[in-house]
Amino acid sequence: VQLQASGGGLVQPGGSLRLSCAASGVIRSVNVMGWYRQAPGNQRELVATILFNGLVTYADSVKGRFTISRDNAKNTVYLQMNSLKAADTAVYYCKHSQLGNDYWGQGTQVTVSS
């Protein structure tokens, strides 16, 4: 499974960005896709996950601001990020999990700064 993430960039505080991550290869119908992020000097942390059936989880720090969604026909997961804060600055990684295996995308930089 290969993952291609896109949509990062520079945005002002309070702004919005939408990340996308497309999976290719042998994709099983039962899977989990998610977004993680890693800021300089910090460990990689969970942002949000979404199961194949649409069940979602969010980190407390992004609840009410970020929305994860997916298009199973396109094997693509999205992360709509609103009301961005400086603390959201990080490299964002998508992950795809199936059959006990994890696959990571290459990461996309999100910088929130005025």
# chains A, B, ... in the order shown; residues from 1 in each chain; ligands from 1

$ closest_atom_pairs --of "stretch 65-110 of chain A" --to "stretch 38-43 of chain A" --cutoff "7 Å" --atoms "only C-alpha atoms" --output "JSON lines"
{"residue": "A:Thr89", "atom": "CA", "partner": "A:Ala39", "partner_atom": "CA", "distance": 6.6}
{"residue": "A:Ala90", "atom": "CA", "partner": "A:Ala39", "partner_atom": "CA", "distance": 4.3}
{"residue": "A:Val91", "atom": "CA", "partner": "A:Gln38", "partner_atom": "CA", "distance": 5.3}
{"residue": "A:Tyr92", "atom": "CA", "partner": "A:Gln38", "partner_atom": "CA", "distance": 6.6}

$ select_by_dssp --residues "stretch 1-112 of chain A" --states "strand (DSSP E or B)" --output "PDB file with N, CA, C and O atoms, in the first residue's frame"
ATOM      1  N   GLN A   2       0.580   2.172  -0.884  1.00  0.00           N
ATOM      2  CA  GLN A   2       1.315   3.447  -0.928  1.00  0.00           C
ATOM      3  C   GLN A   2       0.333   4.578  -0.632  1.00  0.00           C
ATOM      4  O   GLN A   2      -0.830   4.514  -1.030  1.00  0.00           O
ATOM      5  N   LEU A   3       0.837   5.576   0.057  1.00  0.00           N
ATOM      6  CA  LEU A   3       0.006   6.710   0.434  1.00  0.00           C
ATOM      7  C   LEU A   3       0.619   7.991  -0.099  1.00  0.00           C
ATOM      8  O   LEU A   3       1.828   8.200   0.017  1.00  0.00           O
ATOM      9  N   GLN A   4      -0.218   8.835  -0.653  1.00  0.00           N
ATOM     10  CA  GLN A   4       0.228  10.129  -1.181  1.00  0.00           C
ATOM     11  C   GLN A   4      -0.603  11.222  -0.532  1.00  0.00           C
ATOM     12  O   GLN A   4      -1.796  11.333  -0.807  1.00  0.00           O
ATOM     13  N   ALA A   5       0.058  12.022   0.299  1.00  0.00           N
ATOM     14  CA  ALA A   5      -0.622  13.104   1.005  1.00  0.00           C
ATOM     15  C   ALA A   5      -0.381  14.432   0.300  1.00  0.00           C
ATOM     16  O   ALA A   5       0.670  14.648  -0.319  1.00  0.00           O
ATOM     17  N   SER A   6      -1.339  15.316   0.437  1.00  0.00           N
ATOM     18  CA  SER A   6      -1.217  16.650  -0.142  1.00  0.00           C
ATOM     19  C   SER A   6      -2.095  17.626   0.620  1.00  0.00           C
ATOM     20  O   SER A   6      -2.945  17.215   1.421  1.00  0.00           O
ATOM     21  N   GLY A   9       0.511  23.560   3.876  1.00  0.00           N
ATOM     22  CA  GLY A   9       0.927  24.887   3.469  1.00  0.00           C
ATOM     23  C   GLY A   9       1.000  25.841   4.639  1.00  0.00           C
ATOM     24  O   GLY A   9       0.960  25.425   5.806  1.00  0.00           O
ATOM     25  N   LEU A  10       1.099  27.112   4.309  1.00  0.00           N
ATOM     26  CA  LEU A  10       1.183  28.182   5.301  1.00  0.00           C
ATOM     27  C   LEU A  10      -0.174  28.883   5.385  1.00  0.00           C
ATOM     28  O   LEU A  10      -0.750  29.252   4.353  1.00  0.00           O
ATOM     29  N   VAL A  11      -0.663  29.048   6.599  1.00  0.00           N
ATOM     30  CA  VAL A  11      -1.958  29.680   6.797  1.00  0.00           C
ATOM     31  C   VAL A  11      -1.890  30.550   8.040  1.00  0.00           C
ATOM     32  O   VAL A  11      -1.133  30.258   8.978  1.00  0.00           O
ATOM     33  N   LEU A  17      -7.368  24.748   6.263  1.00  0.00           N
ATOM     34  CA  LEU A  17      -6.678  23.946   5.266  1.00  0.00           C
ATOM     35  C   LEU A  17      -7.381  22.605   5.168  1.00  0.00           C
ATOM     36  O   LEU A  17      -7.984  22.146   6.137  1.00  0.00           O
ATOM     37  N   ARG A  18      -7.254  21.986   3.998  1.00  0.00           N
ATOM     38  CA  ARG A  18      -7.791  20.645   3.811  1.00  0.00           C
ATOM     39  C   ARG A  18      -6.683  19.736   3.311  1.00  0.00           C
ATOM     40  O   ARG A  18      -6.078  20.002   2.268  1.00  0.00           O
ATOM     41  N   LEU A  19      -6.421  18.679   4.056  1.00  0.00           N
ATOM     42  CA  LEU A  19      -5.438  17.685   3.662  1.00  0.00           C
ATOM     43  C   LEU A  19      -6.135  16.500   3.004  1.00  0.00           C
ATOM     44  O   LEU A  19      -7.257  16.157   3.364  1.00  0.00           O
ATOM     45  N   SER A  20      -5.439  15.907   2.044  1.00  0.00           N
ATOM     46  CA  SER A  20      -5.938  14.708   1.380  1.00  0.00           C
ATOM     47  C   SER A  20      -4.856  13.647   1.389  1.00  0.00           C
ATOM     48  O   SER A  20      -3.667  13.973   1.377  1.00  0.00           O
ATOM     49  N   CYS A  21      -5.268  12.404   1.404  1.00  0.00           N
ATOM     50  CA  CYS A  21      -4.320  11.298   1.358  1.00  0.00           C
ATOM     51  C   CYS A  21      -4.964  10.147   0.589  1.00  0.00           C
ATOM     52  O   CYS A  21      -5.987   9.612   1.020  1.00  0.00           O
ATOM     53  N   ALA A  22      -4.357   9.816  -0.526  1.00  0.00           N
ATOM     54  CA  ALA A  22      -4.885   8.749  -1.374  1.00  0.00           C
ATOM     55  C   ALA A  22      -4.048   7.488  -1.204  1.00  0.00           C
ATOM     56  O   ALA A  22      -2.811   7.549  -1.278  1.00  0.00           O
ATOM     57  N   ALA A  23      -4.716   6.383  -0.997  1.00  0.00           N
ATOM     58  CA  ALA A  23      -4.049   5.088  -0.870  1.00  0.00           C
ATOM     59  C   ALA A  23      -4.149   4.336  -2.189  1.00  0.00           C
ATOM     60  O   ALA A  23      -5.180   4.375  -2.859  1.00  0.00           O
ATOM     61  N   SER A  24      -3.088   3.627  -2.529  1.00  0.00           N
ATOM     62  CA  SER A  24      -3.091   2.812  -3.732  1.00  0.00           C
ATOM     63  C   SER A  24      -2.441   1.475  -3.420  1.00  0.00           C
ATOM     64  O   SER A  24      -1.740   1.330  -2.415  1.00  0.00           O
ATOM     65  N   VAL A  32      -8.493   1.007   8.538  1.00  0.00           N
ATOM     66  CA  VAL A  32      -8.574   2.254   9.287  1.00  0.00           C
ATOM     67  C   VAL A  32      -7.631   3.244   8.622  1.00  0.00           C
ATOM     68  O   VAL A  32      -6.498   2.894   8.276  1.00  0.00           O
ATOM     69  N   MET A  33      -8.091   4.460   8.463  1.00  0.00           N
ATOM     70  CA  MET A  33      -7.221   5.523   7.957  1.00  0.00           C
ATOM     71  C   MET A  33      -7.194   6.637   8.988  1.00  0.00           C
ATOM     72  O   MET A  33      -8.155   6.837   9.735  1.00  0.00           O
ATOM     73  N   GLY A  34      -6.086   7.334   9.040  1.00  0.00           N
ATOM     74  CA  GLY A  34      -5.991   8.367  10.047  1.00  0.00           C
ATOM     75  C   GLY A  34      -4.929   9.395   9.740  1.00  0.00           C
ATOM     76  O   GLY A  34      -4.152   9.247   8.791  1.00  0.00           O
ATOM     77  N   TRP A  35      -4.929  10.422  10.549  1.00  0.00           N
ATOM     78  CA  TRP A  35      -3.947  11.499  10.466  1.00  0.00           C
ATOM     79  C   TRP A  35      -3.224  11.622  11.802  1.00  0.00           C
ATOM     80  O   TRP A  35      -3.847  11.567  12.864  1.00  0.00           O
ATOM     81  N   TYR A  36      -1.925  11.783  11.716  1.00  0.00           N
ATOM     82  CA  TYR A  36      -1.072  12.008  12.870  1.00  0.00           C
ATOM     83  C   TYR A  36      -0.233  13.246  12.567  1.00  0.00           C
ATOM     84  O   TYR A  36      -0.121  13.662  11.411  1.00  0.00           O
ATOM     85  N   ARG A  37       0.366  13.806  13.600  1.00  0.00           N
ATOM     86  CA  ARG A  37       1.229  14.958  13.355  1.00  0.00           C
ATOM     87  C   ARG A  37       2.417  14.934  14.308  1.00  0.00           C
ATOM     88  O   ARG A  37       2.357  14.352  15.377  1.00  0.00           O
ATOM     89  N   GLN A  38       3.472  15.587  13.867  1.00  0.00           N
ATOM     90  CA  GLN A  38       4.689  15.649  14.669  1.00  0.00           C
ATOM     91  C   GLN A  38       5.282  17.041  14.548  1.00  0.00           C
ATOM     92  O   GLN A  38       5.666  17.466  13.455  1.00  0.00           O
ATOM     93  N   GLU A  45       1.859  12.312  17.220  1.00  0.00           N
ATOM     94  CA  GLU A  45       0.630  12.145  17.985  1.00  0.00           C
ATOM     95  C   GLU A  45      -0.560  11.965  17.066  1.00  0.00           C
ATOM     96  O   GLU A  45      -0.580  12.445  15.933  1.00  0.00           O
ATOM     97  N   LEU A  46      -1.557  11.285  17.609  1.00  0.00           N
ATOM     98  CA  LEU A  46      -2.790  11.054  16.871  1.00  0.00           C
ATOM     99  C   LEU A  46      -3.570  12.359  16.722  1.00  0.00           C
ATOM    100  O   LEU A  46      -3.689  13.136  17.669  1.00  0.00           O
ATOM    101  N   VAL A  47      -4.108  12.574  15.531  1.00  0.00           N
ATOM    102  CA  VAL A  47      -5.012  13.695  15.305  1.00  0.00           C
ATOM    103  C   VAL A  47      -6.446  13.187  15.169  1.00  0.00           C
ATOM    104  O   VAL A  47      -7.341  13.630  15.882  1.00  0.00           O
ATOM    105  N   ALA A  48      -6.646  12.245  14.257  1.00  0.00           N
ATOM    106  CA  ALA A  48      -7.984  11.703  14.030  1.00  0.00           C
ATOM    107  C   ALA A  48      -7.882  10.408  13.240  1.00  0.00           C
ATOM    108  O   ALA A  48      -6.939  10.223  12.468  1.00  0.00           O
ATOM    109  N   THR A  49      -8.848   9.520  13.467  1.00  0.00           N
ATOM    110  CA  THR A  49      -8.924   8.278  12.701  1.00  0.00           C
ATOM    111  C   THR A  49     -10.348   8.058  12.236  1.00  0.00           C
ATOM    112  O   THR A  49     -11.301   8.568  12.841  1.00  0.00           O
ATOM    113  N   ILE A  50     -10.478   7.284  11.174  1.00  0.00           N
ATOM    114  CA  ILE A  50     -11.799   6.940  10.665  1.00  0.00           C
ATOM    115  C   ILE A  50     -11.765   5.508  10.164  1.00  0.00           C
ATOM    116  O   ILE A  50     -10.894   5.118   9.380  1.00  0.00           O
ATOM    117  N   LEU A  51     -12.712   4.707  10.660  1.00  0.00           N
ATOM    118  CA  LEU A  51     -12.808   3.320  10.244  1.00  0.00           C
ATOM    119  C   LEU A  51     -13.475   3.228   8.871  1.00  0.00           C
ATOM    120  O   LEU A  51     -14.102   4.175   8.390  1.00  0.00           O
ATOM    121  N   VAL A  56     -15.468   7.572  13.770  1.00  0.00           N
ATOM    122  CA  VAL A  56     -14.338   8.492  13.884  1.00  0.00           C
ATOM    123  C   VAL A  56     -13.907   8.692  15.328  1.00  0.00           C
ATOM    124  O   VAL A  56     -14.693   8.527  16.261  1.00  0.00           O
ATOM    125  N   THR A  57     -12.637   9.050  15.505  1.00  0.00           N
ATOM    126  CA  THR A  57     -12.110   9.478  16.787  1.00  0.00           C
ATOM    127  C   THR A  57     -11.244  10.703  16.549  1.00  0.00           C
ATOM    128  O   THR A  57     -10.649  10.851  15.472  1.00  0.00           O
ATOM    129  N   TYR A  58     -11.167  11.557  17.561  1.00  0.00           N
ATOM    130  CA  TYR A  58     -10.381  12.784  17.479  1.00  0.00           C
ATOM    131  C   TYR A  58      -9.555  12.968  18.751  1.00  0.00           C
ATOM    132  O   TYR A  58      -9.985  12.616  19.848  1.00  0.00           O
ATOM    133  N   PHE A  66     -11.451  20.233  13.682  1.00  0.00           N
ATOM    134  CA  PHE A  66     -11.029  19.376  12.566  1.00  0.00           C
ATOM    135  C   PHE A  66     -12.119  18.355  12.280  1.00  0.00           C
ATOM    136  O   PHE A  66     -12.810  17.886  13.194  1.00  0.00           O
ATOM    137  N   THR A  67     -12.234  17.988  11.004  1.00  0.00           N
ATOM    138  CA  THR A  67     -13.174  16.953  10.597  1.00  0.00           C
ATOM    139  C   THR A  67     -12.469  15.979   9.662  1.00  0.00           C
ATOM    140  O   THR A  67     -11.916  16.399   8.637  1.00  0.00           O
ATOM    141  N   ILE A  68     -12.510  14.705  10.023  1.00  0.00           N
ATOM    142  CA  ILE A  68     -11.945  13.672   9.172  1.00  0.00           C
ATOM    143  C   ILE A  68     -13.070  13.012   8.392  1.00  0.00           C
ATOM    144  O   ILE A  68     -14.180  12.824   8.915  1.00  0.00           O
ATOM    145  N   SER A  69     -12.803  12.688   7.142  1.00  0.00           N
ATOM    146  CA  SER A  69     -13.788  12.013   6.317  1.00  0.00           C
ATOM    147  C   SER A  69     -13.051  11.128   5.315  1.00  0.00           C
ATOM    148  O   SER A  69     -11.828  11.223   5.188  1.00  0.00           O
ATOM    149  N   ARG A  70     -13.804  10.299   4.632  1.00  0.00           N
ATOM    150  CA  ARG A  70     -13.161   9.416   3.661  1.00  0.00           C
ATOM    151  C   ARG A  70     -14.103   9.120   2.514  1.00  0.00           C
ATOM    152  O   ARG A  70     -15.325   9.179   2.660  1.00  0.00           O
ATOM    153  N   ASP A  71     -13.490   8.795   1.386  1.00  0.00           N
ATOM    154  CA  ASP A  71     -14.212   8.360   0.198  1.00  0.00           C
ATOM    155  C   ASP A  71     -13.685   6.964  -0.121  1.00  0.00           C
ATOM    156  O   ASP A  71     -12.578   6.815  -0.660  1.00  0.00           O
ATOM    157  N   THR A  76      -9.473   7.373  -0.306  1.00  0.00           N
ATOM    158  CA  THR A  76      -8.897   8.653   0.076  1.00  0.00           C
ATOM    159  C   THR A  76      -9.485   9.126   1.403  1.00  0.00           C
ATOM    160  O   THR A  76     -10.686   8.994   1.631  1.00  0.00           O
ATOM    161  N   VAL A  77      -8.616   9.658   2.242  1.00  0.00           N
ATOM    162  CA  VAL A  77      -9.029  10.236   3.509  1.00  0.00           C
ATOM    163  C   VAL A  77      -8.717  11.724   3.480  1.00  0.00           C
ATOM    164  O   VAL A  77      -7.722  12.150   2.889  1.00  0.00           O
ATOM    165  N   TYR A  78      -9.586  12.496   4.115  1.00  0.00           N
ATOM    166  CA  TYR A  78      -9.447  13.942   4.142  1.00  0.00           C
ATOM    167  C   TYR A  78      -9.396  14.433   5.592  1.00  0.00           C
ATOM    168  O   TYR A  78      -9.948  13.797   6.493  1.00  0.00           O
ATOM    169  N   LEU A  79      -8.768  15.572   5.768  1.00  0.00           N
ATOM    170  CA  LEU A  79      -8.786  16.230   7.074  1.00  0.00           C
ATOM    171  C   LEU A  79      -9.053  17.710   6.829  1.00  0.00           C
ATOM    172  O   LEU A  79      -8.196  18.422   6.307  1.00  0.00           O
ATOM    173  N   GLN A  80     -10.254  18.132   7.186  1.00  0.00           N
ATOM    174  CA  GLN A  80     -10.615  19.539   7.094  1.00  0.00           C
ATOM    175  C   GLN A  80     -10.237  20.199   8.408  1.00  0.00           C
ATOM    176  O   GLN A  80     -10.724  19.795   9.468  1.00  0.00           O
ATOM    177  N   MET A  81      -9.369  21.190   8.338  1.00  0.00           N
ATOM    178  CA  MET A  81      -8.859  21.840   9.532  1.00  0.00           C
ATOM    179  C   MET A  81      -9.316  23.297   9.526  1.00  0.00           C
ATOM    180  O   MET A  81      -8.954  24.073   8.631  1.00  0.00           O
ATOM    181  N   ALA A  90       2.885  21.580  12.380  1.00  0.00           N
ATOM    182  CA  ALA A  90       3.528  20.267  12.454  1.00  0.00           C
ATOM    183  C   ALA A  90       3.603  19.670  11.057  1.00  0.00           C
ATOM    184  O   ALA A  90       3.013  20.201  10.116  1.00  0.00           O
ATOM    185  N   VAL A  91       4.322  18.566  10.974  1.00  0.00           N
ATOM    186  CA  VAL A  91       4.239  17.732   9.777  1.00  0.00           C
ATOM    187  C   VAL A  91       3.107  16.746  10.017  1.00  0.00           C
ATOM    188  O   VAL A  91       3.087  16.060  11.043  1.00  0.00           O
ATOM    189  N   TYR A  92       2.183  16.688   9.078  1.00  0.00           N
ATOM    190  CA  TYR A  92       1.026  15.810   9.195  1.00  0.00           C
ATOM    191  C   TYR A  92       1.245  14.567   8.330  1.00  0.00           C
ATOM    192  O   TYR A  92       1.596  14.671   7.151  1.00  0.00           O
ATOM    193  N   TYR A  93       1.003  13.416   8.941  1.00  0.00           N
ATOM    194  CA  TYR A  93       1.186  12.136   8.274  1.00  0.00           C
ATOM    195  C   TYR A  93      -0.137  11.395   8.213  1.00  0.00           C
ATOM    196  O   TYR A  93      -0.885  11.357   9.190  1.00  0.00           O
ATOM    197  N   CYS A  94      -0.424  10.772   7.092  1.00  0.00           N
ATOM    198  CA  CYS A  94      -1.578   9.891   7.034  1.00  0.00           C
ATOM    199  C   CYS A  94      -1.107   8.451   7.234  1.00  0.00           C
ATOM    200  O   CYS A  94       0.034   8.101   6.915  1.00  0.00           O
ATOM    201  N   LYS A  95      -1.998   7.666   7.771  1.00  0.00           N
ATOM    202  CA  LYS A  95      -1.706   6.260   8.015  1.00  0.00           C
ATOM    203  C   LYS A  95      -2.875   5.408   7.562  1.00  0.00           C
ATOM    204  O   LYS A  95      -4.035   5.790   7.750  1.00  0.00           O
ATOM    205  N   HIS A  96      -2.535   4.272   6.994  1.00  0.00           N
ATOM    206  CA  HIS A  96      -3.532   3.295   6.573  1.00  0.00           C
ATOM    207  C   HIS A  96      -3.191   1.982   7.246  1.00  0.00           C
ATOM    208  O   HIS A  96      -2.035   1.544   7.172  1.00  0.00           O
ATOM    209  N   SER A  97      -4.165   1.366   7.893  1.00  0.00           N
ATOM    210  CA  SER A  97      -3.933   0.109   8.592  1.00  0.00           C
ATOM    211  C   SER A  97      -4.905  -0.948   8.087  1.00  0.00           C
ATOM    212  O   SER A  97      -6.115  -0.685   7.981  1.00  0.00           O
ATOM    213  N   GLN A  98      -4.371  -2.120   7.792  1.00  0.00           N
ATOM    214  CA  GLN A  98      -5.192  -3.245   7.377  1.00  0.00           C
ATOM    215  C   GLN A  98      -4.438  -4.533   7.644  1.00  0.00           C
ATOM    216  O   GLN A  98      -3.204  -4.565   7.530  1.00  0.00           O
ATOM    217  N   ASN A 101      -1.209  -4.486   9.551  1.00  0.00           N
ATOM    218  CA  ASN A 101      -0.057  -3.751   9.029  1.00  0.00           C
ATOM    219  C   ASN A 101      -0.370  -2.258   8.938  1.00  0.00           C
ATOM    220  O   ASN A 101      -1.494  -1.871   8.629  1.00  0.00           O
ATOM    221  N   ASP A 102       0.634  -1.441   9.212  1.00  0.00           N
ATOM    222  CA  ASP A 102       0.496   0.008   9.124  1.00  0.00           C
ATOM    223  C   ASP A 102       1.328   0.541   7.965  1.00  0.00           C
ATOM    224  O   ASP A 102       2.477   0.132   7.778  1.00  0.00           O
ATOM    225  N   TYR A 103       0.756   1.482   7.244  1.00  0.00           N
ATOM    226  CA  TYR A 103       1.439   2.118   6.138  1.00  0.00           C
ATOM    227  C   TYR A 103       1.348   3.633   6.333  1.00  0.00           C
ATOM    228  O   TYR A 103       0.287   4.149   6.680  1.00  0.00           O
ATOM    229  N   TRP A 104       2.473   4.314   6.105  1.00  0.00           N
ATOM    230  CA  TRP A 104       2.536   5.753   6.338  1.00  0.00           C
ATOM    231  C   TRP A 104       2.783   6.518   5.045  1.00  0.00           C
ATOM    232  O   TRP A 104       3.551   6.069   4.184  1.00  0.00           O
ATOM    233  N   THR A 108       3.151  15.968   5.217  1.00  0.00           N
ATOM    234  CA  THR A 108       2.949  17.267   4.583  1.00  0.00           C
ATOM    235  C   THR A 108       2.994  18.340   5.673  1.00  0.00           C
ATOM    236  O   THR A 108       2.390  18.185   6.727  1.00  0.00           O
ATOM    237  N   GLN A 109       3.737  19.401   5.406  1.00  0.00           N
ATOM    238  CA  GLN A 109       3.961  20.448   6.405  1.00  0.00           C
ATOM    239  C   GLN A 109       2.766  21.386   6.482  1.00  0.00           C
ATOM    240  O   GLN A 109       2.296  21.892   5.466  1.00  0.00           O
ATOM    241  N   VAL A 110       2.320  21.625   7.704  1.00  0.00           N
ATOM    242  CA  VAL A 110       1.297  22.634   7.976  1.00  0.00           C
ATOM    243  C   VAL A 110       1.910  23.658   8.913  1.00  0.00           C
ATOM    244  O   VAL A 110       2.377  23.306  10.002  1.00  0.00           O
ATOM    245  N   THR A 111       1.934  24.903   8.492  1.00  0.00           N
ATOM    246  CA  THR A 111       2.490  25.979   9.294  1.00  0.00           C
ATOM    247  C   THR A 111       1.422  27.039   9.505  1.00  0.00           C
ATOM    248  O   THR A 111       0.868  27.566   8.529  1.00  0.00           O
ATOM    249  N   VAL A 112       1.144  27.316  10.772  1.00  0.00           N
ATOM    250  CA  VAL A 112       0.149  28.335  11.124  1.00  0.00           C
ATOM    251  C   VAL A 112       0.903  29.508  11.732  1.00  0.00           C
ATOM    252  O   VAL A 112       1.452  29.403  12.834  1.00  0.00           O
TER     253      VAL A 112
END

$ atom_distance --atom1 "atom CA of A:Lys85" --atom2 "atom CA of A:Gly107"
19.0 Å

$ atom_distance --atom1 "atom CA of A:Ile27" --atom2 "atom CA of A:Gly54"
16.3 Å

$ closest_residue --among "A:Asn82, A:Asn75, A:Gln12, A:Ser114" --to "A:Val30" --atoms "only C-alpha atoms"
A:Asn75

$ atom_distance --atom1 "atom CA of A:Arg28" --atom2 "atom CA of A:Arg44"
25.5 Å
